[in-house]
$ cat my_file32.txt   # compact mmCIF, N, CA and C atoms
# COMPACT_ATOMS: atom_id res chain seq x y z
N MET J 1 29.66 53.85 -10.68
CA MET J 1 28.45 53.31 -11.29
C MET J 1 28.21 51.86 -10.87
N ASN J 2 29.30 51.09 -10.72
CA ASN J 2 29.15 49.69 -10.34
C ASN J 2 28.58 49.55 -8.94
N LYS J 3 28.97 50.45 -8.03
CA LYS J 3 28.44 50.40 -6.67
C LYS J 3 26.95 50.72 -6.65
N LYS J 4 26.55 51.65 -7.50
CA LYS J 4 25.13 51.98 -7.58
C LYS J 4 24.33 50.80 -8.11
N LEU J 5 24.86 50.13 -9.15
CA LEU J 5 24.17 48.96 -9.69
C LEU J 5 24.12 47.83 -8.67
N ALA J 6 25.18 47.68 -7.89
CA ALA J 6 25.20 46.63 -6.88
C ALA J 6 24.19 46.90 -5.78
N ILE J 7 23.77 48.12 -5.61
CA ILE J 7 22.73 48.45 -4.64
C ILE J 7 21.34 48.39 -5.28
N ILE J 8 21.25 48.80 -6.53
CA ILE J 8 19.96 48.86 -7.21
C ILE J 8 19.38 47.46 -7.47
N MET J 9 20.21 46.52 -7.87
CA MET J 9 19.71 45.19 -8.22
C MET J 9 19.03 44.48 -7.04
N PRO J 10 19.62 44.44 -5.85
CA PRO J 10 18.89 43.82 -4.73
C PRO J 10 17.61 44.57 -4.35
N ILE J 11 17.60 45.88 -4.58
CA ILE J 11 16.37 46.63 -4.32
C ILE J 11 15.28 46.18 -5.30
N ILE J 12 15.67 45.92 -6.53
CA ILE J 12 14.71 45.43 -7.53
C ILE J 12 14.17 44.06 -7.10
N TRP J 13 15.05 43.19 -6.57
CA TRP J 13 14.57 41.88 -6.08
C TRP J 13 13.56 42.07 -4.97
N GLY J 14 13.86 42.98 -4.05
CA GLY J 14 12.95 43.23 -2.94
C GLY J 14 11.61 43.77 -3.40
N LEU J 15 11.63 44.66 -4.39
CA LEU J 15 10.38 45.19 -4.93
C LEU J 15 9.60 44.11 -5.66
N ALA J 16 10.30 43.23 -6.36
CA ALA J 16 9.62 42.11 -7.02
C ALA J 16 8.98 41.18 -5.99
N ALA J 17 9.68 40.94 -4.89
CA ALA J 17 9.13 40.09 -3.83
C ALA J 17 7.89 40.73 -3.22
N LEU J 18 7.94 42.04 -2.99
CA LEU J 18 6.78 42.73 -2.45
C LEU J 18 5.62 42.75 -3.45
N ALA J 19 5.94 42.83 -4.74
CA ALA J 19 4.89 42.78 -5.77
C ALA J 19 4.23 41.40 -5.81
N VAL J 20 5.02 40.34 -5.62
CA VAL J 20 4.44 39.00 -5.58
C VAL J 20 3.50 38.87 -4.39
N LEU J 21 3.94 39.31 -3.23
CA LEU J 21 3.09 39.23 -2.04
C LEU J 21 1.84 40.10 -2.19
N GLY J 22 2.01 41.28 -2.77
CA GLY J 22 0.86 42.15 -3.00
C GLY J 22 -0.13 41.55 -3.98
N ALA J 23 0.39 40.93 -5.03
CA ALA J 23 -0.50 40.32 -6.02
C ALA J 23 -1.27 39.15 -5.41
N ILE J 24 -0.60 38.37 -4.60
CA ILE J 24 -1.25 37.19 -4.03
C ILE J 24 -2.31 37.57 -3.00
N TYR J 25 -2.02 38.58 -2.19
CA TYR J 25 -2.90 38.88 -1.07
C TYR J 25 -3.73 40.16 -1.20
N ILE J 26 -3.39 41.05 -2.17
CA ILE J 26 -4.12 42.32 -2.22
C ILE J 26 -4.85 42.52 -3.55
N TRP J 27 -4.15 42.72 -4.67
CA TRP J 27 -4.83 43.14 -5.88
C TRP J 27 -5.17 42.02 -6.86
N ALA J 28 -4.60 40.84 -6.71
CA ALA J 28 -4.99 39.72 -7.59
C ALA J 28 -4.99 38.43 -6.78
N PRO J 29 -5.80 38.36 -5.71
CA PRO J 29 -5.75 37.17 -4.84
C PRO J 29 -6.32 35.94 -5.54
N VAL J 30 -5.79 34.81 -5.14
CA VAL J 30 -6.31 33.56 -5.68
C VAL J 30 -7.64 33.25 -5.01
N CYS J 31 -8.43 32.45 -5.68
CA CYS J 31 -9.74 32.10 -5.12
C CYS J 31 -9.56 31.14 -3.93
N ASP J 32 -10.49 31.22 -3.01
CA ASP J 32 -10.40 30.35 -1.83
C ASP J 32 -11.50 29.29 -1.84
N GLN J 33 -12.01 29.00 -3.02
CA GLN J 33 -13.07 28.01 -3.14
C GLN J 33 -12.50 26.60 -3.01
N LEU J 34 -13.37 25.69 -2.64
CA LEU J 34 -12.98 24.29 -2.53
C LEU J 34 -13.59 23.50 -3.67
N VAL J 35 -12.94 22.41 -4.03
CA VAL J 35 -13.41 21.54 -5.09
C VAL J 35 -13.81 20.21 -4.46
N GLU J 36 -14.94 19.69 -4.90
CA GLU J 36 -15.36 18.38 -4.39
C GLU J 36 -14.68 17.29 -5.20
N MET J 37 -14.03 16.40 -4.50
CA MET J 37 -13.32 15.31 -5.16
C MET J 37 -14.28 14.15 -5.42
N ALA J 38 -13.84 13.15 -6.14
CA ALA J 38 -14.68 12.02 -6.51
C ALA J 38 -15.16 11.23 -5.28
N ASN J 39 -14.37 11.19 -4.23
CA ASN J 39 -14.77 10.45 -3.04
C ASN J 39 -15.60 11.28 -2.07
N GLY J 40 -15.94 12.51 -2.43
CA GLY J 40 -16.79 13.36 -1.60
C GLY J 40 -16.03 14.34 -0.72
N ASN J 41 -14.74 14.19 -0.60
CA ASN J 41 -13.94 15.12 0.21
C ASN J 41 -13.80 16.46 -0.50
N MET J 42 -13.56 17.48 0.29
CA MET J 42 -13.34 18.81 -0.27
C MET J 42 -11.85 19.13 -0.18
N ALA J 43 -11.32 19.75 -1.23
CA ALA J 43 -9.91 20.11 -1.26
C ALA J 43 -9.76 21.47 -1.94
N HIS J 44 -8.66 22.14 -1.60
CA HIS J 44 -8.37 23.42 -2.26
C HIS J 44 -7.96 23.17 -3.70
N MET J 45 -8.14 24.22 -4.53
CA MET J 45 -7.69 24.14 -5.91
C MET J 45 -6.18 24.33 -5.98
N ARG J 46 -5.62 24.02 -7.15
CA ARG J 46 -4.16 24.12 -7.33
C ARG J 46 -3.65 25.53 -7.13
N CYS J 47 -4.45 26.51 -7.48
CA CYS J 47 -3.99 27.90 -7.35
C CYS J 47 -3.75 28.27 -5.89
N PHE J 48 -4.47 27.66 -4.97
CA PHE J 48 -4.25 27.91 -3.54
C PHE J 48 -2.84 27.47 -3.14
N TYR J 49 -2.44 26.30 -3.60
CA TYR J 49 -1.11 25.79 -3.27
C TYR J 49 -0.02 26.54 -4.03
N THR J 50 -0.31 27.00 -5.23
CA THR J 50 0.64 27.83 -5.98
C THR J 50 0.88 29.14 -5.22
N ALA J 51 -0.17 29.71 -4.67
CA ALA J 51 -0.02 30.95 -3.91
C ALA J 51 0.81 30.74 -2.65
N LYS J 52 0.63 29.61 -1.98
CA LYS J 52 1.42 29.33 -0.78
C LYS J 52 2.89 29.16 -1.13
N ALA J 53 3.18 28.45 -2.22
CA ALA J 53 4.57 28.27 -2.64
C ALA J 53 5.19 29.59 -3.09
N ALA J 54 4.42 30.41 -3.80
CA ALA J 54 4.92 31.71 -4.25
C ALA J 54 5.17 32.64 -3.06
N THR J 55 4.37 32.51 -2.02
CA THR J 55 4.59 33.31 -0.82
C THR J 55 5.92 32.96 -0.18
N LEU J 56 6.20 31.68 -0.08
CA LEU J 56 7.49 31.25 0.48
C LEU J 56 8.66 31.72 -0.39
N LEU J 57 8.50 31.62 -1.69
CA LEU J 57 9.56 32.08 -2.60
C LEU J 57 9.76 33.59 -2.48
N ALA J 58 8.68 34.33 -2.35
CA ALA J 58 8.79 35.79 -2.22
C ALA J 58 9.48 36.17 -0.91
N ILE J 59 9.18 35.44 0.16
CA ILE J 59 9.86 35.71 1.43
C ILE J 59 11.34 35.41 1.31
N LEU J 60 11.69 34.30 0.66
CA LEU J 60 13.10 33.98 0.44
C LEU J 60 13.79 35.04 -0.41
N LEU J 61 13.09 35.54 -1.42
CA LEU J 61 13.65 36.58 -2.28
C LEU J 61 13.85 37.87 -1.50
N LEU J 62 12.92 38.20 -0.63
CA LEU J 62 13.06 39.39 0.20
C LEU J 62 14.23 39.26 1.17
N VAL J 63 14.39 38.09 1.75
CA VAL J 63 15.53 37.85 2.65
C VAL J 63 16.84 37.92 1.87
N SER J 64 16.85 37.37 0.66
CA SER J 64 18.04 37.44 -0.18
C SER J 64 18.39 38.88 -0.53
N SER J 65 17.39 39.68 -0.79
CA SER J 65 17.60 41.09 -1.12
C SER J 65 18.20 41.84 0.07
N VAL J 66 17.61 41.65 1.23
CA VAL J 66 18.10 42.34 2.42
C VAL J 66 19.51 41.86 2.77
N THR J 67 19.75 40.56 2.65
CA THR J 67 21.07 40.01 2.93
C THR J 67 22.12 40.58 1.98
N SER J 68 21.77 40.68 0.72
CA SER J 68 22.71 41.23 -0.25
C SER J 68 23.00 42.70 0.01
N LEU J 69 22.00 43.44 0.45
CA LEU J 69 22.22 44.85 0.75
C LEU J 69 23.03 45.07 2.02
N VAL J 70 22.77 44.28 3.03
CA VAL J 70 23.41 44.48 4.32
C VAL J 70 24.84 43.96 4.33
N THR J 71 25.07 42.76 3.80
CA THR J 71 26.39 42.14 3.89
C THR J 71 27.27 42.39 2.68
N LYS J 72 26.73 42.99 1.66
CA LYS J 72 27.47 43.27 0.42
C LYS J 72 27.92 41.98 -0.30
N ASN J 73 27.34 40.84 0.07
CA ASN J 73 27.63 39.59 -0.63
C ASN J 73 26.69 39.46 -1.80
N LYS J 74 27.16 38.80 -2.84
CA LYS J 74 26.31 38.57 -3.99
C LYS J 74 25.46 37.32 -3.77
N THR J 75 24.17 37.51 -3.66
CA THR J 75 23.24 36.39 -3.56
C THR J 75 22.43 36.30 -4.85
N ALA J 76 23.06 36.67 -5.96
CA ALA J 76 22.34 36.74 -7.22
C ALA J 76 21.97 35.36 -7.75
N ILE J 77 22.76 34.36 -7.46
CA ILE J 77 22.43 33.02 -7.96
C ILE J 77 21.17 32.51 -7.29
N LEU J 78 21.06 32.73 -5.98
CA LEU J 78 19.85 32.35 -5.26
C LEU J 78 18.64 33.10 -5.81
N SER J 79 18.79 34.37 -6.05
CA SER J 79 17.69 35.17 -6.59
C SER J 79 17.33 34.75 -8.00
N LEU J 80 18.32 34.37 -8.78
CA LEU J 80 18.07 33.87 -10.13
C LEU J 80 17.26 32.59 -10.09
N VAL J 81 17.60 31.69 -9.19
CA VAL J 81 16.86 30.42 -9.05
C VAL J 81 15.44 30.69 -8.57
N ILE J 82 15.27 31.62 -7.64
CA ILE J 82 13.94 31.95 -7.16
C ILE J 82 13.09 32.55 -8.28
N GLY J 83 13.70 33.40 -9.10
CA GLY J 83 12.98 33.96 -10.26
C GLY J 83 12.52 32.89 -11.22
N ILE J 84 13.38 31.91 -11.48
CA ILE J 84 12.99 30.80 -12.35
C ILE J 84 11.86 29.99 -11.71
N MET J 85 11.95 29.78 -10.40
CA MET J 85 10.92 29.01 -9.71
C MET J 85 9.58 29.75 -9.69
N LEU J 86 9.59 31.08 -9.62
CA LEU J 86 8.35 31.83 -9.68
C LEU J 86 7.62 31.62 -10.99
N ILE J 87 8.38 31.47 -12.04
CA ILE J 87 7.77 31.23 -13.35
C ILE J 87 7.29 29.79 -13.48
N THR J 88 8.10 28.84 -13.02
CA THR J 88 7.77 27.44 -13.24
C THR J 88 6.66 26.91 -12.35
N ILE J 89 6.40 27.53 -11.20
CA ILE J 89 5.31 26.99 -10.37
C ILE J 89 3.94 27.24 -10.98
N THR J 90 3.84 28.17 -11.91
CA THR J 90 2.56 28.40 -12.57
C THR J 90 2.33 27.44 -13.74
N ASN J 91 3.34 26.68 -14.11
CA ASN J 91 3.24 25.74 -15.20
C ASN J 91 2.58 24.45 -14.71
N ASP J 92 1.69 23.89 -15.52
CA ASP J 92 0.97 22.69 -15.11
C ASP J 92 1.83 21.43 -15.12
N THR J 93 2.77 21.33 -16.04
CA THR J 93 3.54 20.10 -16.15
C THR J 93 4.76 20.08 -15.23
N ILE J 94 5.40 21.22 -15.04
CA ILE J 94 6.60 21.27 -14.20
C ILE J 94 6.24 21.66 -12.77
N GLY J 95 5.39 22.65 -12.62
CA GLY J 95 5.07 23.19 -11.30
C GLY J 95 3.72 22.72 -10.80
N ILE J 96 3.14 23.52 -9.93
CA ILE J 96 1.85 23.19 -9.33
C ILE J 96 0.72 23.52 -10.29
N GLY J 97 0.79 24.66 -10.93
CA GLY J 97 -0.21 25.04 -11.91
C GLY J 97 -1.28 25.96 -11.35
N ILE J 98 -2.15 26.41 -12.24
CA ILE J 98 -3.26 27.28 -11.88
C ILE J 98 -4.52 26.78 -12.58
N CYS J 99 -5.64 27.40 -12.22
CA CYS J 99 -6.90 27.09 -12.90
C CYS J 99 -6.87 27.72 -14.30
N HIS J 100 -7.54 27.11 -15.23
CA HIS J 100 -7.52 27.64 -16.59
C HIS J 100 -8.83 28.31 -16.99
N LYS J 101 -9.72 28.50 -16.04
CA LYS J 101 -10.98 29.18 -16.34
C LYS J 101 -10.73 30.68 -16.40
N SER J 102 -11.21 31.31 -17.45
CA SER J 102 -10.93 32.73 -17.64
C SER J 102 -11.64 33.60 -16.60
N ALA J 103 -12.66 33.09 -15.96
CA ALA J 103 -13.38 33.87 -14.95
C ALA J 103 -12.65 33.88 -13.61
N MET J 104 -11.68 33.01 -13.42
CA MET J 104 -10.98 32.92 -12.15
C MET J 104 -9.88 33.97 -12.07
N ALA J 105 -9.62 34.44 -10.87
CA ALA J 105 -8.59 35.46 -10.65
C ALA J 105 -7.18 34.88 -10.71
N CYS J 106 -7.08 33.56 -10.76
CA CYS J 106 -5.78 32.90 -10.75
C CYS J 106 -4.94 33.27 -11.97
N ILE J 107 -5.58 33.56 -13.07
CA ILE J 107 -4.84 33.91 -14.29
C ILE J 107 -4.10 35.23 -14.09
N GLN J 108 -4.72 36.19 -13.42
CA GLN J 108 -4.05 37.45 -13.13
C GLN J 108 -2.90 37.25 -12.14
N THR J 109 -3.11 36.40 -11.15
CA THR J 109 -2.05 36.12 -10.19
C THR J 109 -0.87 35.47 -10.89
N ALA J 110 -1.14 34.54 -11.79
CA ALA J 110 -0.06 33.87 -12.53
C ALA J 110 0.70 34.86 -13.40
N ALA J 111 0.00 35.81 -13.98
CA ALA J 111 0.68 36.83 -14.79
C ALA J 111 1.61 37.67 -13.93
N TRP J 112 1.17 38.02 -12.73
CA TRP J 112 2.03 38.77 -11.81
C TRP J 112 3.24 37.95 -11.40
N LEU J 113 3.02 36.66 -11.12
CA LEU J 113 4.14 35.80 -10.73
C LEU J 113 5.16 35.68 -11.85
N LYS J 114 4.68 35.48 -13.06
CA LYS J 114 5.59 35.36 -14.20
C LYS J 114 6.34 36.67 -14.46
N GLY J 115 5.63 37.79 -14.39
CA GLY J 115 6.27 39.08 -14.61
C GLY J 115 7.34 39.38 -13.56
N CYS J 116 7.02 39.13 -12.30
CA CYS J 116 8.01 39.35 -11.24
C CYS J 116 9.17 38.38 -11.34
N GLY J 117 8.89 37.16 -11.81
CA GLY J 117 9.97 36.20 -12.04
C GLY J 117 10.92 36.66 -13.12
N ILE J 118 10.37 37.22 -14.19
CA ILE J 118 11.19 37.72 -15.29
C ILE J 118 12.04 38.91 -14.83
N VAL J 119 11.43 39.82 -14.09
CA VAL J 119 12.18 40.97 -13.57
C VAL J 119 13.30 40.51 -12.64
N THR J 120 13.01 39.51 -11.81
CA THR J 120 14.02 38.99 -10.88
C THR J 120 15.16 38.33 -11.65
N ILE J 121 14.84 37.58 -12.67
CA ILE J 121 15.87 36.91 -13.47
C ILE J 121 16.77 37.95 -14.14
N ILE J 122 16.18 38.97 -14.72
CA ILE J 122 16.97 40.00 -15.41
C ILE J 122 17.86 40.75 -14.42
N ALA J 123 17.30 41.12 -13.27
CA ALA J 123 18.10 41.85 -12.27
C ALA J 123 19.20 40.95 -11.68
N SER J 124 18.89 39.69 -11.48
CA SER J 124 19.92 38.77 -10.94
C SER J 124 21.03 38.52 -11.94
N ALA J 125 20.68 38.34 -13.20
CA ALA J 125 21.70 38.15 -14.22
C ALA J 125 22.56 39.40 -14.36
N GLY J 126 21.93 40.57 -14.28
CA GLY J 126 22.70 41.80 -14.33
C GLY J 126 23.62 41.95 -13.14
N HIS J 127 23.17 41.50 -11.98
CA HIS J 127 23.98 41.59 -10.76
C HIS J 127 25.17 40.63 -10.82
N LEU J 128 24.99 39.50 -11.48
CA LEU J 128 26.09 38.54 -11.60
C LEU J 128 27.24 39.10 -12.45
N PHE J 129 26.90 39.92 -13.42
CA PHE J 129 27.92 40.41 -14.35
C PHE J 129 28.47 41.78 -14.00
N ILE J 130 28.15 42.29 -12.81
CA ILE J 130 28.74 43.56 -12.37
C ILE J 130 30.17 43.29 -11.95
N PRO J 131 31.14 43.96 -12.58
CA PRO J 131 32.51 43.75 -12.15
C PRO J 131 32.77 44.33 -10.76
N LYS J 132 33.66 43.71 -10.04
CA LYS J 132 33.98 44.18 -8.68
C LYS J 132 34.82 45.44 -8.72

$ encode --input "my_file32.txt" --output "structure tokens"
Amino acid sequence: MNKKLAIIMPIIWGLAALAVLGAIYIWAPVCDQLVEMANGNMAHMRCFYTAKAATLLAILLLVSSVTSLVTKNKTAILSLVIGIMLITITNDTIGIGICHKSAMACIQTAAWLKGCGIVTIIASAGHLFIPK
């Protein structure tokens, strides 16, 4: 049973990473609108940068999952940190943040990021406590 769990947990990380990428680019994409700043320049909204950071985190999580499956090494601590980071980048005070307008799609993207972060944290914590 322990060997099965040691294989299942990294698969869950990989699925969470794919869900993050799918949410960002397919079913809950962030808006690509620009905001006019006070000096007249145009800049992307915070959700654009949150999506870029979440993409990098999802790629790292996917690499961690594949590495854990192929080499049989425990990369659960890295995956745990990535799961925490997926949650915190949507926070306005700690992370990059998102738009707070209910009409924007960013709220759905943030919900997907938080949900996948929670799943990753639970699977990583479970993987840490699997006896050898």

$ select_by_dssp --input "my_file32.txt" --residues "stretch 24-117 of chain J" --states "alpha helix (DSSP H)" --output "PyMOL selection string"
chain J and resi 46-71+76-88+106-117

$ residues_around --input "my_file32.txt" --residues "stretch 67-71 of chain J" --least-positions-apart "4" --cutoff "10 Å" --atoms "only C-alpha atoms" --output "PyMOL selection string"
chain J and resi 6-11+61-63+75-76

$ write_last_selection --input "my_file32.txt" --atoms "N, CA and C atoms" --output "mmCIF file, keeping the file's coordinate frame"
data_model
loop_
_atom_site.group_PDB
_atom_site.id
_atom_site.type_symbol
_atom_site.label_atom_id
_atom_site.label_comp_id
_atom_site.auth_asym_id
_atom_site.auth_seq_id
_atom_site.Cartn_x
_atom_site.Cartn_y
_atom_site.Cartn_z
ATOM 1 N N ALA J 6 25.180 47.680 -7.890
ATOM 2 C CA ALA J 6 25.200 46.630 -6.880
ATOM 3 C C ALA J 6 24.190 46.900 -5.780
ATOM 4 N N ILE J 7 23.770 48.120 -5.610
ATOM 5 C CA ILE J 7 22.730 48.450 -4.640
ATOM 6 C C ILE J 7 21.340 48.390 -5.280
ATOM 7 N N ILE J 8 21.250 48.800 -6.530
ATOM 8 C CA ILE J 8 19.960 48.860 -7.210
ATOM 9 C C ILE J 8 19.380 47.460 -7.470
ATOM 10 N N MET J 9 20.210 46.520 -7.870
ATOM 11 C CA MET J 9 19.710 45.190 -8.220
ATOM 12 C C MET J 9 19.030 44.480 -7.040
ATOM 13 N N PRO J 10 19.620 44.440 -5.850
ATOM 14 C CA PRO J 10 18.890 43.820 -4.730
ATOM 15 C C PRO J 10 17.610 44.570 -4.350
ATOM 16 N N ILE J 11 17.600 45.880 -4.580
ATOM 17 C CA ILE J 11 16.370 46.630 -4.320
ATOM 18 C C ILE J 11 15.280 46.180 -5.300
ATOM 19 N N LEU J 61 13.090 35.540 -1.420
ATOM 20 C CA LEU J 61 13.650 36.580 -2.280
ATOM 21 C C LEU J 61 13.850 37.870 -1.500
ATOM 22 N N LEU J 62 12.920 38.200 -0.630
ATOM 23 C CA LEU J 62 13.060 39.390 0.200
ATOM 24 C C LEU J 62 14.230 39.260 1.170
ATOM 25 N N VAL J 63 14.390 38.090 1.750
ATOM 26 C CA VAL J 63 15.530 37.850 2.650
ATOM 27 C C VAL J 63 16.840 37.920 1.870
ATOM 28 N N THR J 75 24.170 37.510 -3.660
ATOM 29 C CA THR J 75 23.240 36.390 -3.560
ATOM 30 C C THR J 75 22.430 36.300 -4.850
ATOM 31 N N ALA J 76 23.060 36.670 -5.960
ATOM 32 C CA ALA J 76 22.340 36.740 -7.220
ATOM 33 C C ALA J 76 21.970 35.360 -7.750
#

$ closest_residue --input "my_file32.txt" --among "J:Thr120, J:Ile24, J:Lys74, J:His100" --to "J:Thr55" --atoms "all atoms listed in the file"
J:Ile24

$ closest_residue --input "my_file32.txt" --among "J:Met104, J:Ile89, J:Ile59, J:Leu15" --to "J:Pro29" --atoms "all atoms listed in the file"
J:Met104

$ closest_residue --input "my_file32.txt" --among "J:His127, J:Lys52, J:Arg46, J:Lys72" --to "J:Cys106" --atoms "only C-alpha atoms"
J:Arg46

$ closest_residue --input "my_file32.txt" --among "J:Lys4, J:Ala19, J:Leu128, J:Leu113" --to "J:Gly83" --atoms "only N, CA and C atoms"
J:Leu113

$ closest_residue --input "my_file32.txt" --among "J:Leu60, J:Ala110, J:Val119, J:Ala43" --to "J:Ala23" --atoms "all atoms listed in the file"
J:Ala110

$ residues_around --input "my_file32.txt" --residues "J:Lys114" --least-positions-apart "6" --cutoff "8 Å" --atoms "only N, CA and C atoms" --output "JSON, numbers by chain"
{"J": [83, 86, 87, 88, 90, 108, 120]}

$ axis_aligned_box --input "my_file32.txt" --around "stretch 12-24 of chain J" --padding-each-side "6 Å" --output "AutoDock Vina command-line options"
--center_x 6.7 --center_y 41.6 --center_z -4.8 --size_x 30.0 --size_y 20.7 --size_z 17.5

$ closest_residue --input "my_file32.txt" --among "J:Ala28, J:Ala103, J:Leu80, J:Met37" --to "J:Ala123" --atoms "all atoms listed in the file"
J:Leu80

$ atom_distance --input "my_file32.txt" --atom1 "atom CA of J:Lys101" --atom2 "atom CA of J:Glu36"
16.7 Å

$ atom_distance --input "my_file32.txt" --atom1 "atom CA of J:Ile96" --atom2 "atom C of J:Ile118"
19.5 Å

$ atom_distance --input "my_file32.txt" --atom1 "atom CA of J:Cys31" --atom2 "atom C of J:Gly14"
24.4 Å

$ residues_around --input "my_file32.txt" --residues "J:Gln33" --least-positions-apart "5" --cutoff "9 Å" --atoms "only C-alpha atoms" --output "ChimeraX atom specification"
/J:43-45,48
